[in-house]
$ cat coords-v1.tsv   # TSV, C-alpha atoms
chain	number	residue	atom	x	y	z
A	1179	MET	CA	0.00	0.00	0.00
A	1180	ASN	CA	1.45	3.38	-0.96
A	1181	ALA	CA	1.98	6.22	1.50
A	1182	LEU	CA	-1.13	8.19	0.44
A	1183	ALA	CA	-3.45	5.17	0.71
A	1184	ALA	CA	-1.99	4.23	4.11
A	1185	THR	CA	-2.29	7.79	5.45
A	1186	ASN	CA	-5.91	8.03	4.21
A	1187	ARG	CA	-6.72	4.69	5.80
A	1188	ASN	CA	-5.27	5.75	9.16
A	1189	PHE	CA	-7.15	9.06	8.92
A	1190	ARG	CA	-10.48	7.32	8.17
A	1191	HIS	CA	-9.99	4.91	11.06
A	1192	ALA	CA	-9.29	7.88	13.39
A	1193	ALA	CA	-12.34	9.73	12.04
A	1194	ARG	CA	-14.53	6.69	12.85
A	1195	LEU	CA	-13.13	6.45	16.39
A	1196	LEU	CA	-13.82	10.18	16.85
A	1197	SER	CA	-17.32	9.91	15.27
A	1198	LEU	CA	-16.47	12.87	13.02
A	1199	ASP	CA	-19.22	14.48	10.96
A	1200	SER	CA	-18.87	13.04	7.43
A	1201	LYS	CA	-18.68	16.53	5.87
A	1202	VAL	CA	-15.91	17.59	8.26
A	1203	GLU	CA	-14.10	14.33	7.48
A	1204	THR	CA	-14.27	14.99	3.73
A	1205	SER	CA	-13.14	18.60	4.08
A	1206	LEU	CA	-10.12	17.59	6.22
A	1207	LEU	CA	-8.86	15.21	3.53
A	1208	ILE	CA	-8.95	17.73	0.69
A	1209	PRO	CA	-5.72	19.74	0.33
A	1210	TYR	CA	-5.97	23.55	0.49
A	1211	ARG	CA	-3.81	23.98	-2.63
A	1212	GLU	CA	-1.69	21.85	-4.96
A	1213	VAL	CA	0.91	23.45	-7.23
A	1214	LYS	CA	2.92	21.86	-10.02
A	1215	VAL	CA	5.63	23.91	-11.74
A	1216	GLU	CA	8.14	23.35	-14.54
A	1217	CYS	CA	11.65	24.46	-13.58
A	1218	THR	CA	13.84	24.93	-16.65
A	1219	ILE	CA	17.51	25.74	-16.06
A	1220	PRO	CA	20.69	25.98	-18.14
A	1221	LYS	CA	23.12	23.22	-17.20
A	1222	ASP	CA	26.85	23.88	-16.82
A	1223	ASP	CA	27.46	22.57	-20.35
A	1224	GLY	CA	25.03	25.13	-21.79
A	1225	THR	CA	22.15	22.74	-22.54
A	1226	LEU	CA	18.66	23.38	-21.14
A	1227	THR	CA	16.97	20.87	-18.89
A	1228	SER	CA	13.58	20.87	-17.18
A	1229	PHE	CA	12.43	19.45	-13.84
A	1230	VAL	CA	8.95	19.16	-12.35
A	1231	GLY	CA	8.42	20.72	-8.91
A	1232	PHE	CA	5.47	20.30	-6.55
A	1233	ARG	CA	4.14	22.08	-3.47
A	1234	VAL	CA	1.08	20.67	-1.74
A	1235	GLN	CA	-0.44	22.83	1.00
A	1236	HIS	CA	-2.78	20.62	2.95
A	1237	ASP	CA	-4.34	22.55	5.83
A	1238	ASN	CA	-4.01	25.96	7.49
A	1239	SER	CA	-6.72	25.83	10.15
A	1240	ARG	CA	-4.19	25.79	13.05
A	1241	GLY	CA	-1.61	28.16	11.56
A	1242	PRO	CA	0.84	28.56	8.65
A	1243	MET	CA	1.55	25.42	6.66
A	1244	LYS	CA	4.87	23.70	7.26
A	1245	GLY	CA	6.79	20.97	5.49
A	1246	GLY	CA	9.99	19.94	3.79
A	1247	ILE	CA	11.19	20.21	0.22
A	1248	ARG	CA	12.83	17.05	-1.11
A	1249	TYR	CA	15.03	16.59	-4.17
A	1250	HIS	CA	14.72	12.98	-5.28
A	1251	PRO	CA	14.16	11.21	-8.63
A	1252	GLU	CA	11.00	9.52	-7.30
A	1253	VAL	CA	9.25	12.69	-6.13
A	1254	GLU	CA	5.72	12.43	-7.46
A	1255	HIS	CA	2.39	14.00	-6.72
A	1256	GLY	CA	0.83	11.17	-4.67
A	1257	GLU	CA	3.80	10.92	-2.31
A	1258	VAL	CA	4.01	14.70	-1.80
A	1259	ASN	CA	0.25	14.77	-1.10
A	1260	ALA	CA	0.52	11.99	1.52
A	1261	LEU	CA	3.47	13.66	3.25
A	1262	ALA	CA	1.70	17.06	3.32
A	1263	GLN	CA	-1.33	15.46	4.96
A	1264	LEU	CA	0.92	13.61	7.41
A	1265	MET	CA	2.50	16.97	8.38
A	1266	THR	CA	-0.96	18.34	9.27
A	1267	TRP	CA	-1.52	15.53	11.79
A	1268	LYS	CA	2.12	15.55	12.98
A	1269	THR	CA	2.15	19.26	13.87
A	1270	ALA	CA	-1.17	18.81	15.67
A	1271	VAL	CA	0.12	15.79	17.64
A	1272	VAL	CA	3.01	17.79	19.14
A	1273	ASN	CA	0.71	20.84	19.36
A	1274	VAL	CA	2.76	23.36	17.40
A	1275	PRO	CA	0.58	25.99	15.63
A	1276	TYR	CA	1.07	24.81	12.06
A	1277	GLY	CA	-0.70	22.91	9.31
A	1278	GLY	CA	0.88	20.54	6.83
A	1279	ALA	CA	2.62	21.10	3.51
A	1280	LYS	CA	5.24	19.28	1.45
A	1281	GLY	CA	7.16	19.96	-1.71
A	1282	GLY	CA	9.76	18.49	-3.94
A	1283	ILE	CA	11.51	18.43	-7.28
A	1284	GLY	CA	11.95	15.26	-9.29
A	1285	CYS	CA	15.73	15.28	-9.76
A	1286	SER	CA	18.88	13.41	-8.74
A	1287	PRO	CA	20.83	15.95	-6.66
A	1288	LYS	CA	24.01	13.84	-6.84
A	1289	GLU	CA	24.01	14.22	-10.63
A	1290	LEU	CA	23.77	18.03	-10.49
A	1291	SER	CA	26.63	20.42	-9.74
A	1292	THR	CA	26.34	22.93	-6.88
A	1293	SER	CA	25.69	25.77	-9.34
A	1294	GLU	CA	23.00	23.71	-11.13
A	1295	LEU	CA	21.32	22.96	-7.79
A	1296	GLU	CA	21.42	26.66	-6.92
A	1297	ARG	CA	19.82	27.66	-10.24
A	1298	LEU	CA	17.16	24.96	-9.84
A	1299	THR	CA	16.34	26.08	-6.28
A	1300	ARG	CA	16.11	29.75	-7.29
A	1301	VAL	CA	13.83	29.00	-10.27
A	1302	PHE	CA	11.59	26.85	-8.05
A	1303	THR	CA	11.44	29.69	-5.49
A	1304	GLN	CA	10.56	32.22	-8.22
A	1305	LYS	CA	7.64	30.00	-9.25
A	1306	ILE	CA	6.21	29.58	-5.72
A	1307	HIS	CA	7.33	32.75	-3.86
A	1308	ASP	CA	3.85	34.28	-3.88
A	1309	LEU	CA	2.34	31.06	-2.44
A	1310	ILE	CA	4.71	30.72	0.53
A	1311	GLY	CA	5.31	33.22	3.34
A	1312	VAL	CA	6.23	33.59	7.02
A	1313	ASN	CA	2.52	33.43	7.94
A	1314	THR	CA	1.43	31.22	5.04
A	1315	ASP	CA	3.77	28.31	4.30
A	1316	ILE	CA	7.28	27.78	5.65
A	1317	PRO	CA	9.50	25.23	3.81
A	1318	ALA	CA	12.30	23.21	5.42
A	1319	PRO	CA	14.98	20.74	4.28
A	1320	ASP	CA	14.08	17.14	3.50
A	1321	MET	CA	15.65	14.27	1.59
A	1322	GLY	CA	18.28	15.61	-0.84
A	1323	THR	CA	18.15	19.19	0.47
A	1324	ASN	CA	19.99	20.92	3.32
A	1325	GLY	CA	20.78	24.25	5.00
A	1326	GLN	CA	22.42	25.57	1.84
A	1327	THR	CA	19.22	24.90	-0.15
A	1328	MET	CA	17.27	26.86	2.47
A	1329	ALA	CA	19.81	29.73	2.25
A	1330	TRP	CA	19.18	30.00	-1.52
A	1331	ILE	CA	15.39	29.98	-0.98
A	1332	LEU	CA	15.72	32.68	1.71
A	1333	ASP	CA	17.84	34.84	-0.60
A	1334	GLU	CA	15.58	34.43	-3.63
A	1335	TYR	CA	12.39	34.99	-1.60
A	1336	SER	CA	13.92	38.10	0.03
A	1337	LYS	CA	14.46	39.68	-3.42
A	1338	PHE	CA	10.68	39.81	-3.77
A	1339	HIS	CA	9.58	40.38	-0.17
A	1340	GLY	CA	12.49	41.97	1.74
A	1341	TYR	CA	14.74	40.15	4.21
A	1342	SER	CA	12.63	37.34	5.66
A	1343	PRO	CA	14.65	34.85	7.74
A	1344	ALA	CA	11.45	33.16	8.99
A	1345	ILE	CA	10.49	32.05	5.43
A	1346	VAL	CA	12.40	28.77	5.85
A	1347	THR	CA	13.68	26.71	8.76
A	1348	GLY	CA	16.70	24.43	8.90
A	1349	LYS	CA	18.87	27.37	7.78
A	1350	PRO	CA	22.60	27.81	8.50
A	1351	LEU	CA	23.18	29.45	11.91
A	1352	ASP	CA	24.67	32.55	10.24
A	1353	LEU	CA	21.33	33.26	8.55
A	1354	GLY	CA	19.12	32.82	11.60
A	1355	GLY	CA	19.12	29.05	11.96
A	1356	SER	CA	18.51	27.58	15.40
A	1357	LEU	CA	21.03	25.87	17.63
A	1358	GLY	CA	20.01	22.23	18.09
A	1359	ARG	CA	18.17	22.04	14.76
A	1360	GLU	CA	20.62	19.63	13.12
A	1361	ALA	CA	20.16	17.04	15.88
A	1362	ALA	CA	16.47	17.84	16.47
A	1363	THR	CA	14.75	14.93	14.69
A	1364	GLY	CA	17.17	12.38	16.15
A	1365	ARG	CA	17.00	13.95	19.62
A	1366	GLY	CA	13.19	13.99	19.42
A	1367	VAL	CA	13.23	10.28	18.50
A	1368	VAL	CA	15.33	9.59	21.62
A	1369	TYR	CA	13.03	11.67	23.89
A	1370	ALA	CA	10.03	9.81	22.41
A	1371	THR	CA	11.78	6.46	22.99
A	1372	GLU	CA	12.50	7.41	26.63
A	1373	ALA	CA	8.84	8.34	27.16
A	1374	LEU	CA	7.65	5.00	25.70
A	1375	LEU	CA	10.17	2.85	27.57
A	1376	GLY	CA	9.42	4.73	30.81
A	1377	GLU	CA	5.76	3.73	30.41
A	1378	HIS	CA	6.93	0.09	30.39
A	1379	GLY	CA	9.28	0.47	33.35
A	1380	LYS	CA	12.40	0.38	31.17
A	1381	SER	CA	15.09	2.84	30.13
A	1382	ILE	CA	17.52	3.13	27.20
A	1383	ASN	CA	20.41	2.06	29.43
A	1384	GLY	CA	21.11	-1.66	28.96
A	1385	LEU	CA	18.68	-2.33	26.09
A	1386	THR	CA	19.85	-3.43	22.63
A	1387	PHE	CA	19.08	-1.38	19.51
A	1388	ALA	CA	19.23	-1.93	15.74
A	1389	ILE	CA	19.24	1.23	13.62
A	1390	GLN	CA	18.40	1.21	9.91
A	1391	GLY	CA	19.73	4.34	8.22
A	1392	PHE	CA	22.80	6.30	9.26
A	1393	GLY	CA	22.13	9.71	7.71
A	1394	ASN	CA	21.31	12.78	9.78
A	1395	VAL	CA	18.55	11.15	11.85
A	1396	GLY	CA	20.06	7.69	12.25
A	1397	SER	CA	23.52	8.94	13.20
A	1398	TRP	CA	22.13	11.31	15.85
A	1399	VAL	CA	19.84	8.60	17.25
A	1400	ALA	CA	22.84	6.25	17.45
A	1401	ARG	CA	25.06	8.86	19.08
A	1402	LEU	CA	22.49	9.87	21.72
A	1403	ILE	CA	21.43	6.28	22.53
A	1404	HIS	CA	25.10	5.32	22.89
A	1405	GLU	CA	25.62	8.27	25.28
A	1406	LYS	CA	22.64	7.14	27.38
A	1407	GLY	CA	24.03	3.62	27.80
A	1408	GLY	CA	22.03	1.83	25.10
A	1409	LYS	CA	23.83	-0.99	23.27
A	1410	ILE	CA	23.62	-0.61	19.48
A	1411	VAL	CA	24.10	-4.09	18.00
A	1412	ALA	CA	23.44	-3.37	14.32
A	1413	VAL	CA	23.55	-0.34	11.98
A	1414	SER	CA	22.97	-0.06	8.23
A	1415	ASP	CA	22.77	2.52	5.46
A	1416	VAL	CA	23.01	2.51	1.65
A	1417	THR	CA	26.75	1.77	1.85
A	1418	GLY	CA	26.46	-1.39	3.94
A	1419	ALA	CA	25.51	-2.92	7.29
A	1420	ILE	CA	27.46	-4.00	10.35
A	1421	LYS	CA	26.67	-5.89	13.53
A	1422	ASN	CA	28.38	-6.48	16.85
A	1423	PRO	CA	26.55	-8.39	19.61
A	1424	ASN	CA	28.72	-6.66	22.23
A	1425	GLY	CA	27.68	-3.21	20.98
A	1426	ILE	CA	29.13	-1.01	18.24
A	1427	ASP	CA	31.48	1.82	19.24
A	1428	ILE	CA	29.37	4.65	17.76
A	1429	PRO	CA	31.94	7.52	18.05
A	1430	ALA	CA	34.46	5.28	16.22
A	1431	LEU	CA	31.86	4.40	13.55
A	1432	LEU	CA	30.98	8.09	13.05
A	1433	GLY	CA	34.68	8.87	12.57
A	1434	HIS	CA	35.04	5.99	10.11
A	1435	LYS	CA	31.98	7.10	8.10
A	1436	GLU	CA	33.23	10.70	7.96
A	1437	LYS	CA	36.68	9.61	6.79
A	1438	ASN	CA	35.67	6.89	4.32
A	1439	GLY	CA	32.12	7.90	3.35
A	1440	SER	CA	30.76	4.43	4.06
A	1441	LEU	CA	30.08	1.91	6.83
A	1442	SER	CA	31.77	-0.98	5.04
A	1443	SER	CA	35.29	-1.99	6.11
A	1444	PHE	CA	34.66	-0.73	9.68
A	1445	ASP	CA	36.69	-3.06	11.89
A	1446	GLY	CA	34.54	-2.66	15.01
A	1447	GLY	CA	31.90	-5.12	13.77
A	1448	ASP	CA	31.08	-7.80	11.20
A	1449	GLY	CA	29.43	-7.13	7.85
A	1450	MET	CA	25.85	-8.29	7.42
A	1451	ASP	CA	23.09	-8.25	4.82
A	1452	ALA	CA	21.31	-4.88	5.07
A	1453	ASP	CA	17.85	-6.55	4.84
A	1454	GLU	CA	18.72	-8.77	7.80
A	1455	LEU	CA	18.99	-5.73	10.08
A	1456	LEU	CA	15.20	-5.38	10.28
A	1457	VAL	CA	14.86	-8.91	11.67
A	1458	HIS	CA	18.05	-8.82	13.77
A	1459	GLU	CA	17.91	-9.84	17.43
A	1460	CYS	CA	17.37	-6.64	19.48
A	1461	ASP	CA	15.02	-5.03	22.00
A	1462	VAL	CA	14.32	-1.89	19.96
A	1463	LEU	CA	14.31	-1.49	16.17
A	1464	VAL	CA	14.64	2.06	14.82
A	1465	PRO	CA	13.98	2.43	11.05
A	1466	CYS	CA	15.43	5.85	10.07
A	1467	ALA	CA	15.53	5.47	6.27
A	1468	LEU	CA	12.86	5.08	3.60
A	1469	GLY	CA	9.17	4.16	3.86
A	1470	GLY	CA	7.65	0.71	3.42
A	1471	VAL	CA	10.63	-1.27	4.74
A	1472	LEU	CA	8.51	-3.36	7.12
A	1473	ASN	CA	5.98	-5.32	5.08
A	1474	ARG	CA	4.09	-8.59	5.14
A	1475	GLU	CA	7.17	-10.48	3.86
A	1476	ASN	CA	9.43	-9.63	6.81
A	1477	ALA	CA	7.11	-8.49	9.63
A	1478	GLY	CA	6.62	-12.03	10.95
A	1479	ASP	CA	10.39	-12.38	11.47
A	1480	VAL	CA	10.92	-9.14	13.42
A	1481	LYS	CA	12.45	-9.95	16.82
A	1482	ALA	CA	12.35	-6.47	18.38
A	1483	LYS	CA	9.82	-5.80	21.15
A	1484	PHE	CA	9.58	-2.08	20.31
A	1485	ILE	CA	9.71	-0.32	16.93
A	1486	ILE	CA	10.38	3.42	16.86
A	1487	GLU	CA	9.36	4.89	13.49
A	1488	ALA	CA	12.02	7.54	12.90
A	1489	ALA	CA	11.41	7.32	9.13
A	1490	ASN	CA	8.15	8.41	7.47
A	1491	HIS	CA	5.78	5.45	6.91
A	1492	PRO	CA	8.32	2.63	7.41
A	1493	THR	CA	5.59	0.11	8.36
A	1494	ASP	CA	2.97	-1.03	5.84
A	1495	PRO	CA	-0.56	-1.44	7.25
A	1496	GLU	CA	-0.32	-5.23	6.65
A	1497	ALA	CA	2.94	-5.34	8.64
A	1498	ASP	CA	1.24	-3.23	11.32
A	1499	GLU	CA	-1.40	-5.92	11.84
A	1500	ILE	CA	1.14	-8.77	11.89
A	1501	LEU	CA	3.36	-6.93	14.40
A	1502	SER	CA	0.40	-5.95	16.63
A	1503	LYS	CA	-0.69	-9.60	16.82
A	1504	LYS	CA	2.86	-10.50	17.89
A	1505	GLY	CA	2.64	-7.92	20.67
A	1506	VAL	CA	5.29	-5.62	19.18
A	1507	ILE	CA	4.76	-2.02	20.33
A	1508	ILE	CA	5.12	0.53	17.53
A	1509	LEU	CA	5.73	4.21	18.23
A	1510	PRO	CA	4.24	5.88	15.12
A	1511	ASP	CA	6.11	8.21	12.78
A	1512	ILE	CA	3.71	11.13	13.19
A	1513	TYR	CA	4.86	11.38	16.78
A	1514	ALA	CA	8.30	9.71	16.88
A	1515	ASN	CA	9.97	11.90	14.24
A	1516	ALA	CA	8.20	15.16	15.11
A	1517	GLY	CA	11.30	16.57	16.84
A	1518	GLY	CA	12.42	18.15	13.57
A	1519	VAL	CA	9.24	20.14	13.01
A	1520	THR	CA	9.10	21.08	16.70
A	1521	VAL	CA	12.56	22.67	16.62
A	1522	SER	CA	11.69	24.19	13.22
A	1523	TYR	CA	8.84	25.89	15.09
A	1524	PHE	CA	11.34	27.13	17.70
A	1525	GLU	CA	13.54	28.47	14.88
A	1526	TRP	CA	10.57	30.30	13.33
A	1527	VAL	CA	9.63	31.75	16.75
A	1528	GLN	CA	13.22	32.98	17.24
A	1529	ASN	CA	13.23	34.57	13.74
A	1530	MET	CA	9.86	36.26	14.27
A	1531	GLN	CA	11.06	37.69	17.59
A	1532	ALA	CA	14.62	38.39	16.32
A	1533	PHE	CA	15.78	36.86	19.60
A	1534	MET	CA	17.84	33.67	19.58
A	1535	TRP	CA	17.87	30.93	22.24
A	1536	ASN	CA	20.82	28.93	23.55
A	1537	GLU	CA	21.02	25.21	22.75
A	1538	GLU	CA	20.13	24.15	26.28
A	1539	LYS	CA	16.79	26.00	26.04
A	1540	VAL	CA	16.04	24.44	22.62
A	1541	ASN	CA	16.66	20.90	23.92
A	1542	GLU	CA	14.77	21.54	27.15
A	1543	GLU	CA	11.71	22.84	25.28
A	1544	LEU	CA	11.91	19.93	22.82
A	1545	LYS	CA	11.86	17.41	25.67
A	1546	LYS	CA	8.82	19.19	27.18
A	1547	TYR	CA	6.90	19.09	23.88
A	1548	MET	CA	7.77	15.43	23.12
A	1549	THR	CA	6.96	14.23	26.65
A	1550	LYS	CA	3.66	16.14	26.84
A	1551	ALA	CA	2.64	14.83	23.41
A	1552	PHE	CA	3.32	11.22	24.50
A	1553	HIS	CA	1.04	11.59	27.53
A	1554	SER	CA	-1.67	13.16	25.34
A	1555	ILE	CA	-1.40	10.17	22.95
A	1556	LYS	CA	-1.68	7.71	25.86
A	1557	ASN	CA	-4.84	9.53	27.03
A	1558	MET	CA	-6.36	9.08	23.55
A	1559	CYS	CA	-5.37	5.38	23.62
A	1560	ARG	CA	-7.26	4.96	26.89
A	1561	THR	CA	-10.28	6.99	25.69
A	1562	HIS	CA	-10.64	5.10	22.40
A	1563	ASP	CA	-9.13	1.75	23.43
A	1564	CYS	CA	-6.65	1.81	20.56
A	1565	ASN	CA	-2.94	1.36	19.81
A	1566	LEU	CA	-0.35	4.16	19.77
A	1567	ARG	CA	-0.72	4.82	16.02
A	1568	MET	CA	-4.45	5.39	16.36
A	1569	GLY	CA	-3.89	7.29	19.61
A	1570	ALA	CA	-1.62	9.71	17.73
A	1571	PHE	CA	-3.94	9.97	14.72
A	1572	THR	CA	-7.05	10.58	16.84
A	1573	LEU	CA	-5.13	13.24	18.80
A	1574	GLY	CA	-3.92	15.03	15.66
A	1575	VAL	CA	-7.18	14.74	13.72
A	1576	SER	CA	-9.33	15.86	16.67
A	1577	ARG	CA	-7.22	19.02	17.15
A	1578	VAL	CA	-7.40	19.92	13.44
A	1579	ALA	CA	-11.14	19.13	13.30
A	1580	ARG	CA	-11.85	21.34	16.33
A	1581	SER	CA	-9.98	24.34	14.93
A	1582	THR	CA	-11.60	23.82	11.50
A	1583	VAL	CA	-15.11	23.84	12.98
A	1584	LEU	CA	-14.34	26.79	15.29
A	1585	ARG	CA	-13.13	28.87	12.34
A	1586	GLY	CA	-16.35	28.23	10.44
A	1587	TRP	CA	-15.49	25.77	7.71
A	1588	GLU	CA	-18.89	25.82	5.95
A	1589	ALA	CA	-18.84	29.53	5.04

$ encode --input "coords-v1.tsv" --output "structure tokens"
Amino acid sequence: MNALAATNRNFRHAARLLSLDSKVETSLLIPYREVKVECTIPKDDGTLTSFVGFRVQHDNSRGPMKGGIRYHPEVEHGEVNALAQLMTWKTAVVNVPYGGAKGGIGCSPKELSTSELERLTRVFTQKIHDLIGVNTDIPAPDMGTNGQTMAWILDEYSKFHGYSPAIVTGKPLDLGGSLGREAATGRGVVYATEALLGEHGKSINGLTFAIQGFGNVGSWVARLIHEKGGKIVAVSDVTGAIKNPNGIDIPALLGHKEKNGSLSSFDGGDGMDADELLVHECDVLVPCALGGVLNRENAGDVKAKFIIEAANHPTDPEADEILSKKGVIILPDIYANAGGVTVSYFEWVQNMQAFMWNEEKVNEELKKYMTKAFHSIKNMCRTHDCNLRMGAFTLGVSRVARSTVLRGWEA
């Protein structure tokens, strides 16, 4: 099942649990605006090439719309739509005053030079600058984009609207970025994990972890879990996978990856098949890479007792059912990886006030938001007798539905 179908299914299940009015339910599913643009740029060799860009703005009932921009060859309308909708529920779950949006350009960033990426980003910004804004829609980095991409968007947008640091989040610090933003998603995952384990009388210290994905999120999750005494027994990314039943030395692995650009040939563990990581013996499995990695083929073999969804939509609905029957507890993506958007909100607040926070305050506030959200989810689970995924969806959907009705959606 693709991401859009799965998100719609979860939404409809939540709407039933909440006994939502059918007209409200329909209106919540329909995006506010969908934009498709052609971005034609001259390449370095003088030839012209064209890329398709999307921006889907899903809902603005709780505040400006918020969501990443990804550069990836498989960016397509259905996926962007699903991720925009997911952002609406995610921002509501952690109770930051945003709605959901998502954007992307169908391209392979590795095949483009820095100057080609800059031209592409600026053309895309020119096409959507009048549809985004500090009180309308605030982009952020996503797969294939980074702080530099945001700096180009900020510069191009400012040519039309005056200096506007709050137009994007995930910016370099020198342009109004927030301390703690780089680690935010990974740190949020760890705070969420602590909240879940605490509920079961456990802590990170002494448990075993397998982490799929060692990019920004995965590497920060690994680093922070290692610092808190967790034993990471397996790690994988696109370059390879390693395991060590006695625990991997994460600082050494980070140094190796930085020096060599890959996990393979690391001497602090044995190589393993990357697919095997998902079914590796561990207490907690943390998928931090692409969606759909847990499916009906491998879900029955998962040995972890807890799954923390640091990636977007890593578990297919069929796998969800299989894992639930096995008693595996899944912490859903719309809560688990919301640390990034929460600290993006802090960055936006700092930009709007032109007053920056220190890193300690950022992390302290993040922990407050993630912990409070977990307890709100557990309350919904008790009210509706449902699992954590439906607890999070009912929480998010009910908040958006309430603000939609209060604002007068039928007018």

$ closest_atom_pairs --input "coords-v1.tsv" --of "stretch 1387-1445 of chain A" --to "stretch 1311-1328 of chain A" --cutoff "12 Å" --atoms "all atoms listed in the file" --output "JSON lines"
{"residue": "A:Gly1393", "atom": "CA", "partner": "A:Met1321", "partner_atom": "CA", "distance": 10.0}
{"residue": "A:Asn1394", "atom": "CA", "partner": "A:Met1321", "partner_atom": "CA", "distance": 10.1}
{"residue": "A:Val1395", "atom": "CA", "partner": "A:Met1321", "partner_atom": "CA", "distance": 11.1}

$ atom_distance --input "coords-v1.tsv" --atom1 "atom CA of A:Val1411" --atom2 "atom CA of A:Lys1437"
21.7 Å

$ residues_around --input "coords-v1.tsv" --residues "A:Glu1334" --least-positions-apart "2" --cutoff "9 Å" --atoms "all atoms listed in the file" --output "list in words"
Thr1299, Arg1300, Val1301, Thr1303, Gln1304, His1307, Ala1329, Trp1330, Ile1331, Leu1332, Ser1336, Lys1337 and Phe1338 of chain A

$ residues_near_point --input "coords-v1.tsv" --point "(4.1, 26.4, 11.0)" --cutoff "8 Å" --atoms "all atoms listed in the file" --output "number ranges by chain"
A: 1241-1244, 1269, 1274-1278, 1313, 1315-1316, 1523, 1526

$ residues_around --input "coords-v1.tsv" --residues "A:Glu1487" --least-positions-apart "3" --cutoff "10 Å" --atoms "only C-alpha atoms" --output "ChimeraX atom specification"
/A:1367,1371,1463-1467,1469,1484,1490-1493,1508-1515

$ residues_around --input "coords-v1.tsv" --residues "A:Ala1412" --least-positions-apart "5" --cutoff "10 Å" --atoms "all atoms listed in the file" --output "mmCIF file with C-alpha atoms, keeping the file's coordinate frame"
data_model
loop_
_atom_site.group_PDB
_atom_site.id
_atom_site.type_symbol
_atom_site.label_atom_id
_atom_site.label_comp_id
_atom_site.auth_asym_id
_atom_site.auth_seq_id
_atom_site.Cartn_x
_atom_site.Cartn_y
_atom_site.Cartn_z
ATOM 1 C CA THR A 1386 19.850 -3.430 22.630
ATOM 2 C CA PHE A 1387 19.080 -1.380 19.510
ATOM 3 C CA ALA A 1388 19.230 -1.930 15.740
ATOM 4 C CA ILE A 1389 19.240 1.230 13.620
ATOM 5 C CA GLN A 1390 18.400 1.210 9.910
ATOM 6 C CA ALA A 1419 25.510 -2.920 7.290
ATOM 7 C CA ILE A 1420 27.460 -4.000 10.350
ATOM 8 C CA LYS A 1421 26.670 -5.890 13.530
ATOM 9 C CA ASN A 1422 28.380 -6.480 16.850
ATOM 10 C CA PRO A 1423 26.550 -8.390 19.610
ATOM 11 C CA GLY A 1425 27.680 -3.210 20.980
ATOM 12 C CA ILE A 1426 29.130 -1.010 18.240
ATOM 13 C CA GLY A 1447 31.900 -5.120 13.770
ATOM 14 C CA ASP A 1448 31.080 -7.800 11.200
ATOM 15 C CA GLY A 1449 29.430 -7.130 7.850
ATOM 16 C CA MET A 1450 25.850 -8.290 7.420
ATOM 17 C CA ALA A 1452 21.310 -4.880 5.070
ATOM 18 C CA GLU A 1454 18.720 -8.770 7.800
ATOM 19 C CA LEU A 1455 18.990 -5.730 10.080
ATOM 20 C CA LEU A 1456 15.200 -5.380 10.280
ATOM 21 C CA HIS A 1458 18.050 -8.820 13.770
ATOM 22 C CA GLU A 1459 17.910 -9.840 17.430
ATOM 23 C CA CYS A 1460 17.370 -6.640 19.480
ATOM 24 C CA LEU A 1463 14.310 -1.490 16.170
#

$ closest_residue --input "coords-v1.tsv" --among "A:Leu1402, A:Leu1290, A:Val1272, A:Ile1345" --to "A:Ala1516" --atoms "all atoms listed in the file"
A:Val1272

$ closest_residue --input "coords-v1.tsv" --among "A:His1236, A:Ala1488, A:Ala1361, A:Phe1571" --to "A:Arg1190" --atoms "only C-alpha atoms"
A:Phe1571

$ closest_residue --input "coords-v1.tsv" --among "A:Trp1267, A:Thr1227, A:Arg1474, A:Ala1482" --to "A:Glu1496" --atoms "all atoms listed in the file"
A:Arg1474

$ closest_residue --input "coords-v1.tsv" --among "A:Asn1473, A:Ser1442, A:Ser1581, A:Ser1356" --to "A:Asn1536" --atoms "all atoms listed in the file"
A:Ser1356

$ residues_around --input "coords-v1.tsv" --residues "A:Arg1194" --least-positions-apart "6" --cutoff "12 Å" --atoms "all atoms listed in the file" --output "PyMOL selection string"
chain A and resi 1187-1188+1200+1202-1203+1562+1568+1571-1572+1575-1576

$ closest_residue --input "coords-v1.tsv" --among "A:Glu1475, A:Glu1360, A:Glu1537, A:Glu1254" --to "A:Asp1494" --atoms "only C-alpha atoms"
A:Glu1475

$ residues_near_point --input "coords-v1.tsv" --point "(4.6, -5.7, 8.8)" --cutoff "9 Å" --atoms "all atoms listed in the file" --output "VMD selection string"
chain A and resid 1470 to 1478 1480 1493 to 1502

$ closest_residue --input "coords-v1.tsv" --among "A:Lys1503, A:Lys1280, A:Lys1201, A:Arg1248" --to "A:Val1234" --atoms "only C-alpha atoms"
A:Lys1280

$ atom_distance --input "coords-v1.tsv" --atom1 "atom CA of A:Gly1517" --atom2 "atom CA of A:Ala1362"
5.3 Å

$ atom_distance --input "coords-v1.tsv" --atom1 "atom CA of A:Arg1240" --atom2 "atom CA of A:Gly1256"
23.5 Å
